[in-house]
Every structure is written in C-alpha cells, then in structure tokens.
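Chemist: Please find one structure pasted underneath; my questions will follow.
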Amino acid sequence: MKLNDSAFLKEKRPVLEELLQELLKRYPFASVMAQDATEKRCTVSRRLTGVSAGGVFSARGFVVKAFDGQHWSEHSFNQLTKEDLPRVLDEICRAAAMSEAVMPEGVAERVYGAPEAEKLTFHGSTEYELDPDEVGVETVVKRLTAIRDKGLSLSEKLLDYQAGAVWNKTHKLYLAPDRDLEQNLMWMTGSVVAIASRGQEIKMSHKGYSHLGGAELLSGMDSDVENTVKVVEELLNSEPLVPGEYDCICTPEVTGMIVHEAFGHGVEMDMFVKKRALAEKYVGEYVASPLVTMHDGAAVVPETGSYFFDDEGTMAHDTVIIEKGVLRRGISDYLSARTLGTEPTGNGRRESYRRKAYTRMTNTYFEGGSDSVEDMIASVKDGLLLCEPSSGMEDPKNWGIQCMVSYAREIKDGKLTGRIFSPIVLTGYVPDLLKSITMMSPAVELGGGGMCGKGYKEWVKVSDGGPWIRARIRLG
C-alpha cells in the first residue's frame with residue numbers, strides 16, 4: 001500500500017498557492033515549502049515501558065524563500081489561513097527588506113540569479129505493508145515486550161534487555177513557479193540492546209533495524225536476540241587491545257560507519273565553499289583503492305535517508321562520489337552548487353521547516369566487490385574482525401577520522417580464534433585507510449537506525465553501509 005496524502009497539506013494547498021502568487025507579484029522568484037511530520041516512539045526495558053509522540057522529526061509548518069533580484073531571504077511560520085495572508089505577506093516582505101540592512105560592513109556579497117528549470121509536477125508516496133498507527137501502539141509494545149522477555153530469559157548475567165521502535169510519517173509540499181511537488185514518506189526503525197555487567201564494568205551488544213516502510217519491520221527483530229545475548233556474555237571476558245595497525249575485516253555496519261565518517265561530511269560541498277574540506281583539492285585524483293566506488297543519493301535505495309525531492313525542490317539523485325578510487329564530485333544543496341558553478345545533487349535538507357537547508361548526506365555506501373567473506377577471513381594471517389559500530393566523527397579539513405567499534409574478534413592463520421577485544425577505537429588519515437582496501441564482498445547492506453548532525457545540531461535521518469571489506473586500519 002502507498003502512504004496517503006496529508007489532510008493538513010490538502011487543506012492548506014489553496015492558501016499556499018495564493019500566497020505564492022502574491023509573492024510573485026512582488027519578487028522575481030519565490031517558493032513555499034510546507035511540512036507535516038509526525039513521529040512516535042516505543043521503548044521496553046526491564047523497568048520501563050515508554051510511549052511518546054513528537055521528537056526532532058515531528059513538525060508542522062511552512063518556510064518561504066524570496067529573491068528580490070539581489071538578495072535571498074527566508075521566513076518560517078506555523079500558522080496560515082486566508083485571513084492570515086496579509087499579515088504573513090507583510091512579515092515576509094519586512095524580513096526580505098532587512099537583508100541588505102543587516103549585511104556586516106566589509107563583507108562581500110555574492111549575487112545568485114533565480115533558478116531556471118523546466119516546469120515539473122510530481123506526486124509520490126512510499127509503500128508499506130503494515131501501518132504502525134493502524135496496528136496500534138499497544139500491539140507494538142506487546143511485540144517489543146515479547147522480545148525483551150525472550151532476551152532476559154536467556155541469561156542470568158543480564159542487567160537488562162531493551163527493545164525499541166520509532167516510526168515517522170513525513171508529508172511535504174513544494175511550490176515554486178516551475179515546481180509543484182508533493183511527497184509522502186514513512187520510515188521505521190527498531191533496536192535491541194543486551195546489557196550485562198561484571199563488577200563495575202558494564203558491556204552492551206546491540207542490533208539495529210531500519211527501512212522505508214511500516215510495522216512489518218517488527219517481524220524480524222527477534223531473530224538476533226540470542227546473538228546479542230551471546231556477544232554481551234563474551235564481552236564480559238574481553239581484553240583490551242594493544243594499539244597498532246592491523247589487517248582488518250569489517251562487517252557491513254562498520255563499513256557503513258567508515259563510509260559516512262570518512263567521506264561523508266568531507267564531500268558536502270557547502271564545506272567546499274567555506275574552505276573547510278580537504279576533498280575539494282583532490283577532485284579527479286585517487287583517494288581510495290581502485291576497488292572503491294562510493295554513492296550517495298536519496299533515490300538509490302529504500303532506506304531512512306530516501307525521499308523523492310529535497311527541501312529546495314531538487315529531485316532526488318544517485319551521485320557517484322568515488323569511481324574506482326577516483327574522487328569525481330561532491331554532493332550539494334542549491335546555494336553551494338550555484339556558488340561553485342555545479343548542478344545541485346538533491347542534497348539540500350532541513351531538520352524541519354524551522355531550520356536552514358544545508359548540504360546533507362542521504363543514503364551513503366560503497367558498491368560491492370567479488371570476494372567471499374570466507375576467503376577474506378582466510379586471507380588474514382594475523383588480524384581482526386571489527387563488529388558493531390557505535391559512534392564516529394571526522395575532521396573534513398584534515399581528513400582525520402575517529403570511530404568507536406564495540407568489539408573485535410581475533411583472526412590467526414585465516415581462522416577466528418574466539419579471542420575478543422573491547423572497546424576499539426578506529427583512527428587514521430582517510431585516504432590511507434581507503435587506499436588500503438584490498439577485498440570487498442559482493443553483497444551490500446545498509447542501515448539507517450541513527451541520525452546525522454551537522455556540527456552539534458541540525459539532525460537528519462540517513463543510512464549508510466556497504467559490503468564486507470578488508471583493509472589495513474590503525475586501532476587503539
């Protein structure tokens with residue numbers, strides 16, 4: 001089934017169209033973006049059952065962009081009726097008139113013309129099997145409770161076993177002289193977490209689930225309960241790792257973290273404009289192994305970073321960032337693309353209608369290769385299998401990377417020994433790490449359970465992933 005249109009946006013469309021026409025009488029170009037998004041969350045643990053609505057991605061409101069021939073301005077608001085039109089128009093015009101007045105002395109202005117594009121009308125909805133709102137919160141909680149109880153029954157060493165699910169429905173309408181676009185999106189994520197302790201030390205093992213769809217996601221969430229409990233019990237006996245460089249095999253989840261942190265923010269082209277990304281100087285050069293081809297795009301896979309058009313009215317793309325080791329291009333919003341003389345790639349995204357659009361990642365991943373996982377492990381004489389990414393950060397200006405991995409399994413003479421190390425810190429210079437990749441499996445897996453921030457804020461949903469890879473990595 002396809003997700004239905006928003007009744008709210010349907011009701012507001014006539015007054016939004018009238019608002020746009022009134023703006024176009026005053027400005028050479030204007031656009032209106034309307035958002036209606038809801039988010040719900042259920043969490044079950046030993047001591048708590050929590051249900052909440054709202055959150056970062058829950059918002060209902062509007063943002064207008066206006067171009068007066070020299071300056072661009074934006075105005076966001078959340079109340080609009082036909083009676084409000086005169087007031088809203090006045091607020092927009094006053095905000096636009098302030099653009100020149102607030103320009104700091106000595107700051108040079110760039111002048112960008114209005115967009116020129118063919119007229120486009122689009123209406124799209126994502127598909128699902130089970131609407132979680134129709135399934136009902138009580139049923140979702142019941143399913144999560146069964147997962148929790150199953151986990152707790154497997155080991156007396158557990159402090160807790162947690163299960164959670166989040167779902168979001170986002171409806172957007174974008175109107176401009178050359179655009180009439182509407183989209184309805186639903187994603188759902190889930191997680192299970194096993195927590196155990198030995199003395200003062202606490203260990204965790206987790207598994208995430210995500211897709212562009214509905215409550216059908218819940219049906220597979222109990223399949224990893226036994227493994228997370230087994231892993232957390234092993235982690236109670238884990239050892240610290242001696243820092244150094246190791247031959248490593250990375251699971252698709254760890255590969256995804258490397259993709260996101262190593263070449264994600266570093267190729268967001270608003271960072272090129274601000275001279276904060278080293279990647280700008282290496283377009284057309286080898287920055288990775290010839291085995292590596294990297295994509296980003298909201299149109300490439302059905303995941304949490306997917307959409308039909310971005311928040312600036314650019315249709316979703318599939319952008320090849322690295323092609324057989326060569327850095328080909330970055331990803332961009334409209335403003336950074338115009339500044340750099342390139343075409344926007346459909347990566348202009350807002351946290352909500354209240355926020356500015358920035359260049360942001362969507363679904364970011366490496367293509368697969370031709371090596372079996374068994375052959376990859378067998379090829380390692382003395383190394384590690386890296387599992388369960390937890391967090392990461394990068395320095396786009398210097399191409400540094402630092403990521404946390406929950407644990408690593410020892411490989412000796414092509415076999416897993418059973419020895420386990422935790423926690424693991426992955427560091428290094430991005431091109432060195434990517435150029436060291438020598439093997440990649442055919443299958444590609446993506447996950448989108450988390451969020452991505454720009455700096456310390458501006459959250460959006462993304463997914464990342466890739467194949468199993470073999471690389472030489474600095475660990476601590």
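Going through the structure tokens in order, the chains are called A, B, and so on, while each chain numbers its residues from 1 and the ligands are numbered from 1 in the order shown.
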Residues of range 126-372 of chain A in helix (DSSP H, G or I) according to DSSP, as a PyMOL selection string?
Modeler: chain A and resi 132-135+137-153+215-220+225-235+252-263+265-267+270-273+278-282+334-340
Chemist: Produce a table with one row for each residue of range 110-205 of chain A that has an atom at most 10 Å from any atom of range 394-413 of chain A, each row naming the nearest atom pair and its distance in Å at one decimal; use only C-alpha atoms; arrange rows by chain and rising residue number; format as CSV.
Modeler:
residue,atom,partner,partner_atom,distance
A:Lys203,CA,A:Ser406,CA,9.0
A:Met204,CA,A:Ser406,CA,8.1
A:Ser205,CA,A:Ser406,CA,7.6
Chemist: Taking C-alpha atoms for each residue, export the selection above as a tab-separated table (two decimals), in the first residue's frame.
Modeler:
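Final output, out-v8.tsv:
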chain	number	residue	atom	x	y	z
A	203	LYS	CA	29.08	-4.19	28.48
A	204	MET	CA	26.45	-3.86	25.76
A	205	SER	CA	25.66	-5.53	22.47
Chemist: So, with only C-alpha atoms as the atoms that count, which of A:Asn347, A:Ser370, A:Ser191, A:Asn184 lies closest to His317 in chain A?
Modeler: A:Asn347
Chemist: By how many Å are CA of Asp464 in chain A and CA of Ile249 in chain A apart?
Modeler: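 Those two atoms sit 17.4 Å apart.
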Chemist: Check which residues of range 315-335 of chain A sit at most 12 Å from range 423-442 of chain A using only C-alpha atoms, and return one row each with the closest pair of atoms and their distance in Å to one decimal, ordered by chain and rising number, as a Markdown table.
Modeler:
| residue | atom | partner | partner_atom | distance |
| --- | --- | --- | --- | --- |
| A:Ile322 | CA | A:Leu434 | CA | 10.8 |
| A:Lys324 | CA | A:Lys435 | CA | 10.8 |
| A:Gly325 | CA | A:Lys435 | CA | 7.8 |
| A:Val326 | CA | A:Lys435 | CA | 10.6 |
| A:Leu327 | CA | A:Pro431 | CA | 10.7 |
Chemist: Restricting the output to N, CA and C atoms, write the selected residues as a PDB file, in the first residue's frame.
Modeler:
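This is the output file result.pdb:
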ATOM      1  N   ILE A 322      32.934   8.618  -5.487  1.00  0.00           N
ATOM      2  CA  ILE A 322      34.219   7.994  -5.821  1.00  0.00           C
ATOM      3  C   ILE A 322      33.947   6.914  -6.862  1.00  0.00           C
ATOM      4  N   LYS A 324      35.872   3.929  -8.815  1.00  0.00           N
ATOM      5  CA  LYS A 324      37.071   3.095  -8.917  1.00  0.00           C
ATOM      6  C   LYS A 324      38.294   3.807  -8.326  1.00  0.00           C
ATOM      7  N   GLY A 325      38.080   4.387  -7.165  1.00  0.00           N
ATOM      8  CA  GLY A 325      39.167   5.017  -6.419  1.00  0.00           C
ATOM      9  C   GLY A 325      39.369   6.491  -6.665  1.00  0.00           C
ATOM     10  N   VAL A 326      38.751   7.038  -7.702  1.00  0.00           N
ATOM     11  CA  VAL A 326      38.956   8.450  -8.068  1.00  0.00           C
ATOM     12  C   VAL A 326      37.803   9.297  -7.535  1.00  0.00           C
ATOM     13  N   LEU A 327      38.133  10.374  -6.849  1.00  0.00           N
ATOM     14  CA  LEU A 327      37.124  11.303  -6.350  1.00  0.00           C
ATOM     15  C   LEU A 327      36.560  12.097  -7.529  1.00  0.00           C
TER      16      LEU A 327
END
Chemist: Tell me which of A:Asp371, A:Glu127, A:Asp310, A:Glu17 sits closest to Thr81 in chain A, counting only C-alpha atoms.
Modeler: A:Glu17
Chemist: Restricting the calculation to only C-alpha atoms, which member of A:Ile321, A:Leu20, A:Val63, A:Met257 is positioned closest to Tyr282 in chain A?
Modeler: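 Of the candidates, the smallest distance to Tyr282 in chain A is held by A:Ile321.
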Chemist: Can you pull out every residue within 9 Å of range 84-100 of chain A, counting only C-alpha atoms, but drop anything in the same chain fewer than 5 positions away, and send it as a CSV table (one decimal) with N, CA and C atoms, in the first residue's frame?
Modeler:
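Written output follows (part-v3.csv):
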chain,number,residue,atom,x,y,z
A,15,VAL,N,-4.5,28.1,0.0
A,15,VAL,CA,-4.0,29.3,0.6
A,15,VAL,C,-2.5,29.4,0.3
A,18,GLU,N,-2.2,30.7,-3.2
A,18,GLU,CA,-2.5,32.1,-3.2
A,18,GLU,C,-1.3,32.9,-2.7
A,19,LEU,N,-0.7,32.4,-1.6
A,19,LEU,CA,0.5,33.1,-1.0
A,19,LEU,C,1.6,33.2,-2.1
A,22,GLU,N,0.9,35.8,-4.7
A,22,GLU,CA,1.1,37.2,-4.2
A,22,GLU,C,2.5,37.5,-4.0
A,23,LEU,N,3.3,36.6,-3.7
A,23,LEU,CA,4.8,36.8,-3.6
A,23,LEU,C,5.4,37.1,-4.9
A,26,ARG,N,5.5,40.5,-6.2
A,26,ARG,CA,6.5,41.4,-5.5
A,26,ARG,C,7.9,41.0,-5.8
A,64,VAL,N,9.1,30.1,3.5
A,64,VAL,CA,9.1,30.8,2.3
A,64,VAL,C,10.5,31.3,1.9
A,65,LYS,N,10.9,31.2,0.7
A,65,LYS,CA,12.1,31.8,0.2
A,65,LYS,C,11.7,32.8,-0.8
A,66,ALA,N,12.4,34.0,-0.8
A,66,ALA,CA,12.1,35.1,-1.7
A,66,ALA,C,13.4,35.7,-2.2
A,67,PHE,N,13.4,36.0,-3.5
A,67,PHE,CA,14.6,36.6,-4.2
A,67,PHE,C,14.2,37.9,-4.8
A,68,ASP,N,14.8,39.0,-4.4
A,68,ASP,CA,14.4,40.3,-4.8
A,68,ASP,C,15.3,40.8,-6.0
A,71,HIS,N,19.1,39.8,-3.3
A,71,HIS,CA,19.2,39.1,-2.0
A,71,HIS,C,18.2,38.0,-1.9
A,72,TRP,N,18.6,36.9,-1.2
A,72,TRP,CA,17.6,35.8,-0.9
A,72,TRP,C,17.3,36.0,0.6
A,73,SER,N,16.0,35.7,0.9
A,73,SER,CA,15.6,35.7,2.3
A,73,SER,C,14.7,34.6,2.6
A,74,GLU,N,14.6,34.2,3.9
A,74,GLU,CA,13.7,33.1,4.3
A,74,GLU,C,12.9,33.5,5.4
A,75,HIS,N,11.7,33.0,5.5
A,75,HIS,CA,10.8,33.2,6.6
A,75,HIS,C,10.0,32.0,6.9
A,76,SER,N,10.0,31.5,8.2
A,76,SER,CA,9.3,30.3,8.6
A,76,SER,C,8.2,30.7,9.5
A,77,PHE,N,7.1,29.9,9.5
A,77,PHE,CA,5.9,30.2,10.4
A,77,PHE,C,5.1,28.9,10.4
A,79,GLN,N,1.4,29.2,11.3
A,79,GLN,CA,0.0,29.5,11.3
A,79,GLN,C,-0.3,30.1,9.9
Chemist: Based on the backbone DSSP call, show me all residues of range 152-277 of chain A assigned strand (DSSP E or B), as number ranges by chain.
Modeler: A: 158-176, 179-198, 201-211, 239, 244-250, 268
Chemist: Neighbours of Glu233 in chain A within 12 Å (only C-alpha atoms; same-chain residues fewer than 5 positions away dropped), as a ChimeraX atom specification?
Modeler: /A:154-159,194-198,202-205,226-228,238,420
Chemist: When you look at Phe309 in chain A with a cut-off of 10 Å (counting only C-alpha atoms), what residues show up, excluding the ones that are within fewer than 5 positions of it in the same chain? I need them as a PyMOL selection string.
Modeler: chain A and resi 122+124+172-174+181-183+298-299+314-317+346-349
Chemist: Export C-alpha atoms of the chosen residues as an mmCIF file, in the first residue's frame?
Modeler:
data_model
loop_
_atom_site.group_PDB
_atom_site.id
_atom_site.type_symbol
_atom_site.label_atom_id
_atom_site.label_comp_id
_atom_site.auth_asym_id
_atom_site.auth_seq_id
_atom_site.Cartn_x
_atom_site.Cartn_y
_atom_site.Cartn_z
ATOM 1 C CA PHE A 122 5.316 15.340 -9.166
ATOM 2 C CA GLY A 124 4.884 10.331 -4.894
ATOM 3 C CA LYS A 172 5.931 17.741 2.143
ATOM 4 C CA LEU A 173 4.601 20.124 -0.463
ATOM 5 C CA TYR A 174 6.939 22.345 -2.514
ATOM 6 C CA LEU A 181 5.870 18.721 -5.887
ATOM 7 C CA GLU A 182 4.312 16.576 -3.177
ATOM 8 C CA GLN A 183 5.692 13.564 -1.316
ATOM 9 C CA ALA A 298 18.024 9.687 -1.814
ATOM 10 C CA ALA A 299 16.936 7.824 -4.957
ATOM 11 C CA THR A 314 15.527 19.396 -6.500
ATOM 12 C CA MET A 315 14.621 15.831 -7.426
ATOM 13 C CA ALA A 316 16.492 13.022 -5.654
ATOM 14 C CA HIS A 317 19.734 11.832 -7.263
ATOM 15 C CA GLY A 346 19.316 16.923 -4.411
ATOM 16 C CA ASN A 347 21.045 17.053 -1.004
ATOM 17 C CA GLY A 348 19.547 20.305 0.312
ATOM 18 C CA ARG A 349 17.917 19.200 3.564
#
Chemist: Just how far from CA of Gly447 in chain A is CA of Glu374 in chain A, in Å to one decimal?
Modeler: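 Going from CA of Glu374 in chain A over to CA of Gly447 in chain A covers 22.6 Å.
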Chemist: So how many Å separate CA of Asp5 in chain A and CA of Leu24 in chain A, to one decimal?
Modeler: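 Spanning CA of Asp5 in chain A to CA of Leu24 in chain A is a straight-line distance of 26.7 Å.
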Chemist: Which polymer residues have any atom within 8 Å of an atom of range 164-169 of chain A, counting only C-alpha atoms, with same-chain residues fewer than 2 positions away left out, as number ranges by chain?
Modeler: A: 37-44, 57-58, 132, 144, 162, 171, 184-192, 214
Chemist: Using only C-alpha atoms for the distances, tell me which of A:Glu245, A:Glu445, A:Asp180, A:Asp382 is nearest to Leu416 in chain A.
Modeler: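 Closest residue, counting only C-alpha atoms: A:Asp382.
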Chemist: Could you give me, as a list in words, the residues within 9 Å of Ser463 in chain A, counting only C-alpha atoms and dropping anything in the same chain fewer than 6 positions from it?
Modeler: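 Non-adjacent residues within range: Ser210, Gly256, His260, Glu303, Thr304, Gly305, Ser306, Met361, Thr362, Asn363, Thr364, Tyr365, Leu446, Gly447, Gly448, Gly449, Gly450 and Met451 of chain A.
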